[in-house]
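Dumped data_20.cif below, it's mmCIF, C-alpha atoms:
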```cif
data_start
loop_
_atom_site.label_atom_id
_atom_site.label_comp_id
_atom_site.auth_asym_id
_atom_site.auth_seq_id
_atom_site.Cartn_x
_atom_site.Cartn_y
_atom_site.Cartn_z
CA MET R 1 -113.33 80.07 31.12
CA VAL R 2 -112.18 82.35 28.30
CA MET R 3 -110.67 81.39 24.98
CA LYS R 4 -107.35 83.25 25.35
CA SER R 5 -105.13 80.69 23.62
CA ILE R 6 -106.04 78.88 20.41
CA LEU R 7 -104.12 76.15 18.61
CA VAL R 8 -104.66 75.86 14.86
CA ALA R 9 -103.57 72.56 13.28
CA ALA R 10 -103.49 72.17 9.49
CA GLU R 11 -102.22 69.55 7.08
CA GLU R 12 -101.75 71.63 3.94
CA PRO R 13 -101.83 75.27 2.79
CA VAL R 14 -105.17 75.01 0.95
CA SER R 15 -106.97 74.04 4.17
CA LEU R 16 -105.69 77.03 6.15
CA PRO R 17 -108.00 79.91 5.06
CA PRO R 18 -111.27 78.54 6.55
CA ILE R 19 -109.45 77.23 9.65
CA PHE R 20 -107.71 80.54 10.30
CA SER R 21 -110.89 82.53 9.62
CA THR R 22 -112.80 80.37 12.11
CA ALA R 23 -110.09 80.76 14.75
CA LEU R 24 -109.93 84.51 14.16
CA LEU R 25 -113.68 84.92 14.74
CA VAL R 26 -113.07 83.47 18.21
CA ALA R 27 -109.88 85.46 18.80
CA GLN R 28 -111.63 88.72 17.95
CA GLN R 29 -114.24 88.04 20.62
CA PHE R 30 -111.80 87.12 23.37
CA GLY R 31 -108.53 88.84 22.41
CA SER R 32 -106.92 85.46 21.89
CA HIS R 33 -103.47 84.39 20.75
CA ILE R 34 -103.50 81.93 17.83
CA GLU R 35 -100.64 79.49 17.34
CA GLY R 36 -100.34 77.66 14.01
CA MET R 37 -99.02 74.11 13.71
CA GLY R 38 -98.20 72.13 10.56
CA ILE R 39 -98.99 68.40 10.34
CA ARG R 40 -97.17 65.85 8.18
CA SER R 41 -99.01 64.59 5.11
CA SER R 42 -97.37 61.18 5.40
CA ALA R 43 -95.43 59.21 7.99
CA ILE R 44 -91.70 58.70 7.50
CA PRO R 45 -91.16 54.97 6.73
CA ILE R 46 -90.02 52.96 9.74
CA VAL R 47 -86.88 50.87 9.47
CA ALA R 48 -87.33 47.26 10.56
CA ALA R 49 -85.64 45.89 13.68
CA ASP R 50 -82.99 44.11 11.58
CA GLY R 51 -82.07 47.44 10.01
CA MET R 52 -83.51 46.48 6.63
CA SER R 53 -85.78 48.87 4.75
CA ALA R 54 -87.20 49.17 1.24
CA PHE R 55 -86.26 52.85 1.35
CA THR R 56 -82.75 54.14 0.84
CA SER R 57 -81.32 56.82 3.09
CA GLN R 58 -81.51 59.19 0.13
CA THR R 59 -85.24 58.47 -0.25
CA LEU R 60 -85.85 59.06 3.45
CA GLU R 61 -83.94 62.33 3.32
CA SER R 62 -85.98 63.39 0.28
CA ILE R 63 -89.27 62.63 2.04
CA ALA R 64 -88.17 64.55 5.13
CA ALA R 65 -87.10 67.52 2.99
CA GLU R 66 -90.45 67.53 1.18
CA GLU R 67 -92.30 67.56 4.50
CA ILE R 68 -90.24 70.47 5.80
CA ALA R 69 -90.81 72.39 2.56
CA ARG R 70 -94.56 71.77 2.77
CA ALA R 71 -94.60 72.91 6.40
CA GLU R 72 -92.75 76.07 5.34
CA ARG R 73 -95.42 76.73 2.70
CA MET R 74 -98.07 76.35 5.39
CA ARG R 75 -96.23 78.78 7.66
CA GLU R 76 -95.97 81.30 4.81
CA GLN R 77 -99.67 80.90 4.01
CA PHE R 78 -100.56 81.32 7.67
CA GLN R 79 -98.45 84.47 7.98
CA THR R 80 -100.01 85.88 4.80
CA LEU R 81 -103.49 85.34 6.25
CA VAL R 82 -102.46 86.95 9.55
CA GLN R 83 -101.04 90.03 7.83
CA ALA R 84 -104.01 90.36 5.47
CA ARG R 85 -106.37 90.54 8.45
CA GLY R 86 -104.21 93.03 10.34
CA VAL R 87 -103.47 90.64 13.21
CA PHE R 88 -100.37 91.27 15.32
CA TRP R 89 -97.60 88.75 14.53
CA GLY R 90 -95.73 87.37 17.53
CA GLU R 91 -96.30 86.90 21.23
CA PRO R 92 -98.60 89.66 22.53
CA SER R 93 -97.63 91.99 25.34
CA ARG R 94 -99.30 91.44 28.70
CA ASP R 95 -101.66 94.41 28.26
CA ALA R 96 -102.63 93.61 24.65
CA ASP R 97 -106.37 93.26 24.12
CA GLY R 98 -106.54 92.33 20.43
CA PRO R 99 -105.85 89.03 18.68
CA SER R 100 -102.31 87.94 17.86
CA ALA R 101 -100.75 84.97 16.09
CA ASP R 102 -97.57 83.07 15.41
CA TRP R 103 -96.39 79.71 14.03
CA LEU R 104 -94.95 76.98 16.23
CA GLU R 105 -91.94 76.21 14.02
CA VAL R 106 -91.14 74.90 10.55
CA GLU R 107 -90.61 71.25 11.56
CA PRO R 108 -93.81 69.33 10.61
CA TYR R 109 -95.51 67.29 13.33
CA GLU R 110 -97.38 63.99 13.39
CA ALA R 111 -101.16 64.14 13.74
CA GLU R 112 -100.90 62.70 17.24
CA SER R 113 -98.77 65.67 18.32
CA VAL R 114 -101.92 67.80 18.25
CA GLY R 115 -103.15 65.82 21.25
CA GLU R 116 -99.98 66.57 23.19
CA ARG R 117 -99.51 70.20 22.20
CA GLY R 118 -103.19 71.05 22.57
CA ARG R 119 -103.36 70.34 26.30
CA LEU R 120 -102.15 73.84 27.14
CA PHE R 121 -104.62 75.68 24.89
CA ASP R 122 -108.17 76.78 25.61
CA LEU R 123 -109.41 75.74 22.19
CA ILE R 124 -108.18 73.60 19.29
CA VAL R 125 -109.30 74.61 15.80
CA VAL R 126 -108.94 72.02 13.05
CA GLY R 127 -110.19 71.59 9.53
CA HIS R 128 -113.22 69.88 8.09
CA PRO R 129 -112.24 66.39 6.84
CA LEU R 130 -110.90 66.90 3.34
CA ALA R 131 -112.54 65.07 0.46
CA HIS R 132 -109.41 63.47 -1.02
CA ALA R 133 -106.67 61.00 -0.18
CA SER R 134 -105.63 62.74 3.04
CA THR R 135 -109.10 62.43 4.59
CA THR R 136 -107.70 59.76 6.92
CA LEU R 137 -105.12 62.27 8.14
CA SER R 138 -107.84 64.89 8.63
CA LYS R 139 -109.74 62.51 10.88
CA ARG R 140 -106.58 61.52 12.77
CA ILE R 141 -105.98 65.19 13.55
CA ILE R 142 -109.56 65.65 14.75
CA GLU R 143 -109.53 62.49 16.87
CA SER R 144 -106.16 63.35 18.43
CA ALA R 145 -107.55 66.76 19.38
CA LEU R 146 -110.77 65.29 20.75
CA PHE R 147 -109.42 62.29 22.64
CA ASP R 148 -105.98 63.40 23.81
CA THR R 149 -106.19 67.06 24.83
CA GLY R 150 -109.07 67.25 27.30
CA ARG R 151 -109.98 70.49 25.50
CA PRO R 152 -112.84 71.61 23.25
CA VAL R 153 -112.32 71.25 19.52
CA LEU R 154 -113.78 73.63 16.95
CA ILE R 155 -114.21 72.06 13.51
CA ALA R 156 -113.91 74.71 10.80
CA PRO R 157 -116.35 74.39 7.88
CA PRO R 158 -115.18 73.94 4.26
CA SER R 159 -115.76 77.65 3.54
CA ALA R 160 -114.67 80.50 5.79
CA PRO R 161 -117.53 81.61 8.07
CA THR R 162 -118.43 85.26 8.55
CA GLU R 163 -120.11 84.87 11.96
CA LEU R 164 -119.66 82.60 14.94
CA GLY R 165 -121.73 82.43 18.10
CA ARG R 166 -124.62 84.80 17.35
CA VAL R 167 -127.16 81.95 17.05
CA ILE R 168 -126.13 78.66 18.66
CA VAL R 169 -127.69 75.22 18.48
CA ILE R 170 -126.81 72.67 21.17
CA ALA R 171 -127.34 69.05 20.10
CA TRP R 172 -128.47 67.33 23.30
CA ASN R 173 -128.62 63.55 23.69
CA GLY R 174 -128.29 63.17 27.48
CA SER R 175 -124.67 61.99 27.39
CA PRO R 176 -121.67 63.14 29.44
CA GLU R 177 -120.05 64.21 26.17
CA SER R 178 -122.96 66.56 25.49
CA ALA R 179 -122.74 67.96 29.02
CA ARG R 180 -119.01 68.54 28.63
CA ALA R 181 -119.56 70.30 25.30
CA ILE R 182 -122.03 72.69 26.97
CA THR R 183 -119.51 73.48 29.70
CA PHE R 184 -116.80 74.30 27.16
CA ALA R 185 -119.28 76.35 25.11
CA MET R 186 -120.23 78.64 28.02
CA PRO R 187 -118.12 81.62 26.83
CA PHE R 188 -120.03 81.52 23.53
CA LEU R 189 -123.43 80.83 25.10
CA GLU R 190 -123.07 83.84 27.39
CA ARG R 191 -122.55 86.11 24.36
CA ALA R 192 -125.13 84.59 22.00
CA GLU R 193 -128.29 86.36 20.88
CA ARG R 194 -130.29 83.13 20.71
CA VAL R 195 -129.58 79.61 21.95
CA PHE R 196 -131.54 76.52 20.98
CA VAL R 197 -131.26 73.07 22.53
CA VAL R 198 -132.32 70.40 20.05
CA GLU R 199 -133.06 66.76 20.80
CA VAL R 200 -133.70 64.13 18.14
CA GLU R 201 -136.21 61.51 19.24
CA GLY R 202 -134.65 58.05 19.43
CA ALA R 203 -131.08 59.39 19.37
CA THR R 204 -130.57 59.83 23.12
CA VAL R 205 -128.96 57.92 25.98
CA PRO R 206 -130.10 57.78 29.62
CA GLY R 207 -129.44 61.19 31.16
CA PRO R 208 -130.97 64.56 32.02
CA SER R 209 -133.94 65.69 29.95
CA ILE R 210 -133.91 68.64 27.60
CA ASP R 211 -136.07 70.54 30.12
CA GLU R 212 -133.47 69.95 32.81
CA VAL R 213 -130.83 71.38 30.46
CA LYS R 214 -133.02 74.46 30.11
CA GLY R 215 -133.17 74.84 33.90
CA TYR R 216 -129.43 74.37 34.27
CA LEU R 217 -128.62 77.02 31.69
CA ALA R 218 -131.20 79.40 33.15
CA ARG R 219 -129.38 79.25 36.48
CA ASN R 220 -126.29 80.38 34.58
CA GLY R 221 -128.17 83.33 33.12
CA ILE R 222 -128.65 81.81 29.66
CA ALA R 223 -132.15 81.76 28.20
CA ILE R 224 -132.74 79.02 25.66
CA GLU R 225 -135.44 77.61 23.44
CA THR R 226 -135.92 73.84 23.25
CA LYS R 227 -136.97 71.67 20.31
CA ARG R 228 -137.69 67.95 20.09
CA ILE R 229 -137.62 66.57 16.58
CA GLU R 230 -138.92 63.36 15.05
CA PRO R 231 -136.29 62.12 12.60
CA GLY R 232 -138.70 60.53 10.14
CA ASP R 233 -136.72 58.74 7.44
CA LYS R 234 -133.59 60.87 7.92
CA SER R 235 -130.54 60.06 10.02
CA ALA R 236 -130.20 61.85 13.35
CA GLY R 237 -127.11 63.63 12.06
CA GLN R 238 -128.89 64.98 8.99
CA VAL R 239 -131.91 66.05 11.06
CA LEU R 240 -129.61 68.05 13.33
CA LEU R 241 -127.88 69.74 10.40
CA ASP R 242 -131.20 70.55 8.69
CA GLU R 243 -132.60 72.05 11.90
CA THR R 244 -129.42 74.01 12.51
CA ALA R 245 -129.70 75.50 9.03
CA SER R 246 -133.40 76.33 9.41
CA LEU R 247 -132.71 78.17 12.68
CA GLY R 248 -129.99 80.27 11.04
CA ALA R 249 -127.34 79.03 13.47
CA ASP R 250 -123.68 79.91 13.01
CA LEU R 251 -122.37 77.47 15.63
CA LEU R 252 -123.34 73.90 16.52
CA VAL R 253 -122.34 72.54 19.94
CA LYS R 254 -122.18 68.75 20.24
CA GLY R 255 -120.68 65.98 22.29
CA ALA R 256 -118.41 63.79 20.18
CA TYR R 257 -118.50 60.00 19.91
CA THR R 258 -121.08 59.07 22.54
CA HIS R 259 -120.62 55.61 21.06
CA SER R 260 -117.20 54.14 20.33
CA ARG R 261 -115.16 55.23 17.33
CA LEU R 262 -115.07 51.60 16.11
CA ARG R 263 -118.87 51.33 16.22
CA GLN R 264 -119.23 54.60 14.31
CA MET R 265 -116.66 53.56 11.70
CA ILE R 266 -118.60 50.33 11.05
CA PHE R 267 -122.20 51.49 11.42
CA GLY R 268 -121.92 55.24 11.00
CA GLY R 269 -123.09 57.70 13.62
CA VAL R 270 -124.15 61.26 14.34
CA THR R 271 -120.60 62.48 15.01
CA SER R 272 -119.24 60.94 11.80
CA HIS R 273 -122.07 62.40 9.73
CA ILE R 274 -121.66 65.90 11.16
CA LEU R 275 -117.87 65.84 10.75
CA THR R 276 -118.34 65.01 7.08
CA GLU R 277 -121.37 67.11 6.18
CA ALA R 278 -121.48 70.20 8.45
CA LYS R 279 -121.28 73.55 6.63
CA LEU R 280 -120.91 75.62 9.82
CA PRO R 281 -118.41 75.64 12.70
CA VAL R 282 -118.99 72.76 15.14
CA LEU R 283 -117.73 72.88 18.72
CA MET R 284 -117.15 69.34 19.98
CA ALA R 285 -115.95 67.71 23.18
CA HIS R 286 -115.50 64.10 24.18
#
```
So, in terms of structure tokens, how does the structure I just supplied come out?
Amino acid sequence: MVMKSILVAAEEPVSLPPIFSTALLVAQQFGSHIEGMGIRSSAIPIVAADGMSAFTSQTLESIAAEEIARAERMREQFQTLVQARGVFWGEPSRDADGPSADWLEVEPYEAESVGERGRLFDLIVVGHPLAHASTTLSKRIIESALFDTGRPVLIAPPSAPTELGRVIVIAWNGSPESARAITFAMPFLERAERVFVVEVEGATVPGPSIDEVKGYLARNGIAIETKRIEPGDKSAGQVLLDETASLGADLLVKGAYTHSRLRQMIFGGVTSHILTEAKLPVLMAH
């Protein structure tokens, strides 16, 4: 598998620079085409079955116009970023070997559209959940990408990264989600200088051991180092992030939502913690 087509989904212009920079680091490695996609900041109010609504037609038209204008600002920001980095704008020719980019169209899309559109891309790149009122939308975009595309999702950090894939940490917990994340990460693992597989004691499910992961990857020509960590008084998510930082990693690979989304919303969980707190790109798969 190679990452030849990348979908970038953003909800506002300010979130685009780190998302685009993260996507471009991948595109530069694989000669990928990046397609940008704007997501609505708010849903258009639904008219009741009896035709009654608290919103006038003029209000609805105003909301729709604002969304289109915001999507246009995102497209302009995206194109500015593309041009500033010297990336070819438009569909690449068949023999092109460098990255290229374009924007889907001005019409803004619902968060759930990422799940539909993303099925024909090799990688979906989305933003870190934003720390303001649209955080719910940020998470809807991420969850649509994770649960509805069948593709890997790369979560861009809050600040634009300068490297991606030189030192990789795989968070292993024995789950099918973790195994799927490793499969999707193979193009990066094959290029990495160092790969670590980290397991947090007490944060695993029944499944292959970390030593079996090492054997599996060795058969694929990937040498790894393994680490088992006692969490102490820290959460498993924080232990993983601390270890990732201490190893100098620039990419974390992790299965997403081994436990249900509802359980993690109520009780918290490793995925939720990493989505909120990670300062490096995180490749996830469900």
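Of the residues under consideration (R:Thr204, R:Thr276, R:Ser93, R:Ser15), R:Thr204 shows the shortest atom-to-atom contact distance to Ser178 (chain R) when counting all atoms listed in the file.
The residue that comes closest to Gly150 (chain R), out of R:Gly115, R:Gly237, R:Pro18, R:Pro92 and on the basis of only C-alpha atoms, is R:Gly115.
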> Near Ser113 (chain R), within 12 Å and counting all atoms listed in the file, which residues show up once chain neighbours fewer than 2 positions away are dropped, as a ChimeraX atom specification?
Replying inline: /R:7,9-10,37-40,107-111,115-119,140-145,147-149
>> On this structure, the PyMOL selection byres ((chain R and resi 26-33) around 8) would catch which residues? List them as a ChimeraX atom specification, sorted by chain and number.
In response: /R:2-6,22-25,34-35,91-92,96-101,164
Print the selection's residues with C-alpha atoms to a file, as a PDB file, in the coordinates of the input.
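Saved to again.pdb:
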```
ATOM      1  CA  VAL R   2    -112.180  82.350  28.300  1.00  0.00           C
ATOM      2  CA  MET R   3    -110.670  81.390  24.980  1.00  0.00           C
ATOM      3  CA  LYS R   4    -107.350  83.250  25.350  1.00  0.00           C
ATOM      4  CA  SER R   5    -105.130  80.690  23.620  1.00  0.00           C
ATOM      5  CA  ILE R   6    -106.040  78.880  20.410  1.00  0.00           C
ATOM      6  CA  THR R  22    -112.800  80.370  12.110  1.00  0.00           C
ATOM      7  CA  ALA R  23    -110.090  80.760  14.750  1.00  0.00           C
ATOM      8  CA  LEU R  24    -109.930  84.510  14.160  1.00  0.00           C
ATOM      9  CA  LEU R  25    -113.680  84.920  14.740  1.00  0.00           C
ATOM     10  CA  ILE R  34    -103.500  81.930  17.830  1.00  0.00           C
ATOM     11  CA  GLU R  35    -100.640  79.490  17.340  1.00  0.00           C
ATOM     12  CA  GLU R  91     -96.300  86.900  21.230  1.00  0.00           C
ATOM     13  CA  PRO R  92     -98.600  89.660  22.530  1.00  0.00           C
ATOM     14  CA  ALA R  96    -102.630  93.610  24.650  1.00  0.00           C
ATOM     15  CA  ASP R  97    -106.370  93.260  24.120  1.00  0.00           C
ATOM     16  CA  GLY R  98    -106.540  92.330  20.430  1.00  0.00           C
ATOM     17  CA  PRO R  99    -105.850  89.030  18.680  1.00  0.00           C
ATOM     18  CA  SER R 100    -102.310  87.940  17.860  1.00  0.00           C
ATOM     19  CA  ALA R 101    -100.750  84.970  16.090  1.00  0.00           C
ATOM     20  CA  LEU R 164    -119.660  82.600  14.940  1.00  0.00           C
TER      21      LEU R 164
END
```
>> Taking the file as I've supplied it (selection: the PyMOL selection byres ((chain R and resi 16) around 12)), which residues are included? Please answer as number ranges by chain.
In response: R: 8-15, 17-24, 36-39, 71, 73-82, 125-128, 130, 156-160
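Evaluated against the shown file, the PyMOL selection byres ((chain R and resi 228) around 6) gives R:Val198, R:Glu199, R:Val200, R:Lys227, R:Ile229.
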Would you output that residue set with C-alpha atoms, as a PDB file, in the frame of the given file?
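This is the output file part35.pdb:
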```pdb
ATOM      1  CA  VAL R 198    -132.320  70.400  20.050  1.00  0.00           C
ATOM      2  CA  GLU R 199    -133.060  66.760  20.800  1.00  0.00           C
ATOM      3  CA  VAL R 200    -133.700  64.130  18.140  1.00  0.00           C
ATOM      4  CA  LYS R 227    -136.970  71.670  20.310  1.00  0.00           C
ATOM      5  CA  ILE R 229    -137.620  66.570  16.580  1.00  0.00           C
TER       6      ILE R 229
END
```
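Our summary of the geometry notes that CA of Pro206 (chain R) is positioned 18.9 Å from CA of Thr183 (chain R).
Compared by their closest atoms to Arg219 (chain R), and using only C-alpha atoms, the residues R:Asp233, R:Glu190, R:Glu177, R:Asp242 rank with R:Glu190 nearest.
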> Hey, which of R:Ala245, R:Ser41, R:Ser57, R:Glu212 ends up closest to Arg70 (chain R)? Count all atoms listed in the file.
Replying inline: R:Ser41
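Neighbouring residues of Ala249 (chain R) at 8 Å or closer, counting all atoms listed in the file and skipping chain neighbours under 3 positions away, are Arg166, Val167, Ile168, Val169, Thr244, Ala245, Ser246 and Leu252 of chain R.
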>> Report, in Å to a single decimal, how far apart CA of Pro152 (chain R) and CA of Asp122 (chain R) are.
In response: 7.4 Å
> Looking at all atoms listed in the file, which of R:Ala185, R:Ile274, R:Leu104, R:Ala179 is the one that sits closest to Leu123 (chain R)?
Replying inline: R:Ala185
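CA of Gly255 (chain R) sits 16.2 Å away from CA of Glu277 (chain R).
Minimum atom-to-atom distances from R:Ala218, R:Ile182, R:Ile224, R:Ile63 to Val197 (chain R) were compared using all atoms listed in the file, and the lowest value belongs to R:Ile224.
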> List as an MDAnalysis selection string: which residues have an atom within 12 Å of (-119.5, 68.2, 26.6), counting all atoms listed in the file?
Replying inline: chainID R and resid 146 150:153 170:186 253:258 283:286
N, CA and C atoms are what I want for region 150-169 of chain R; can you complete it accordingly and write them as a CSV table (one decimal), in the frame of the given file?
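Written output follows (result.csv):
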```
chain,number,residue,atom,x,y,z
R,150,GLY,N,-108.2,66.8,26.2
R,150,GLY,CA,-109.1,67.2,27.3
R,150,GLY,C,-109.6,68.7,27.1
R,151,ARG,N,-109.6,69.1,25.8
R,151,ARG,CA,-110.0,70.5,25.5
R,151,ARG,C,-111.1,70.5,24.4
R,152,PRO,N,-111.8,71.6,24.3
R,152,PRO,CA,-112.8,71.6,23.2
R,152,PRO,C,-112.2,71.7,21.9
R,153,VAL,N,-112.8,71.2,20.9
R,153,VAL,CA,-112.3,71.2,19.5
R,153,VAL,C,-113.4,71.9,18.6
R,154,LEU,N,-112.9,72.9,17.9
R,154,LEU,CA,-113.8,73.6,17.0
R,154,LEU,C,-113.4,73.2,15.5
R,155,ILE,N,-114.4,72.6,14.9
R,155,ILE,CA,-114.2,72.1,13.5
R,155,ILE,C,-114.6,73.2,12.5
R,156,ALA,N,-113.6,73.7,11.8
R,156,ALA,CA,-113.9,74.7,10.8
R,156,ALA,C,-114.7,74.1,9.6
R,157,PRO,N,-115.6,74.9,9.1
R,157,PRO,CA,-116.4,74.4,7.9
R,157,PRO,C,-115.5,74.5,6.6
R,158,PRO,N,-116.0,73.9,5.5
R,158,PRO,CA,-115.2,73.9,4.3
R,158,PRO,C,-114.9,75.4,3.7
R,159,SER,N,-115.9,76.3,4.0
R,159,SER,CA,-115.8,77.6,3.5
R,159,SER,C,-115.7,78.5,4.8
R,160,ALA,N,-114.9,79.6,4.7
R,160,ALA,CA,-114.7,80.5,5.8
R,160,ALA,C,-116.0,81.1,6.3
R,161,PRO,N,-116.3,81.0,7.5
R,161,PRO,CA,-117.5,81.6,8.1
R,161,PRO,C,-117.3,83.1,8.3
R,162,THR,N,-118.5,83.8,8.3
R,162,THR,CA,-118.4,85.3,8.6
R,162,THR,C,-118.9,85.6,9.9
R,163,GLU,N,-119.6,84.7,10.6
R,163,GLU,CA,-120.1,84.9,12.0
R,163,GLU,C,-119.9,83.6,12.8
R,164,LEU,N,-119.8,83.8,14.1
R,164,LEU,CA,-119.7,82.6,14.9
R,164,LEU,C,-120.2,82.9,16.3
R,165,GLY,N,-121.2,82.3,16.7
R,165,GLY,CA,-121.7,82.4,18.1
R,165,GLY,C,-122.9,83.4,18.3
R,166,ARG,N,-123.4,83.9,17.2
R,166,ARG,CA,-124.6,84.8,17.4
R,166,ARG,C,-125.9,84.0,17.6
R,167,VAL,N,-126.1,82.9,16.8
R,167,VAL,CA,-127.2,82.0,17.0
R,167,VAL,C,-126.6,80.6,17.2
R,168,ILE,N,-126.8,79.9,18.3
R,168,ILE,CA,-126.1,78.7,18.7
R,168,ILE,C,-127.2,77.6,18.8
R,169,VAL,N,-126.9,76.4,18.3
R,169,VAL,CA,-127.7,75.2,18.5
R,169,VAL,C,-126.9,74.2,19.3
```
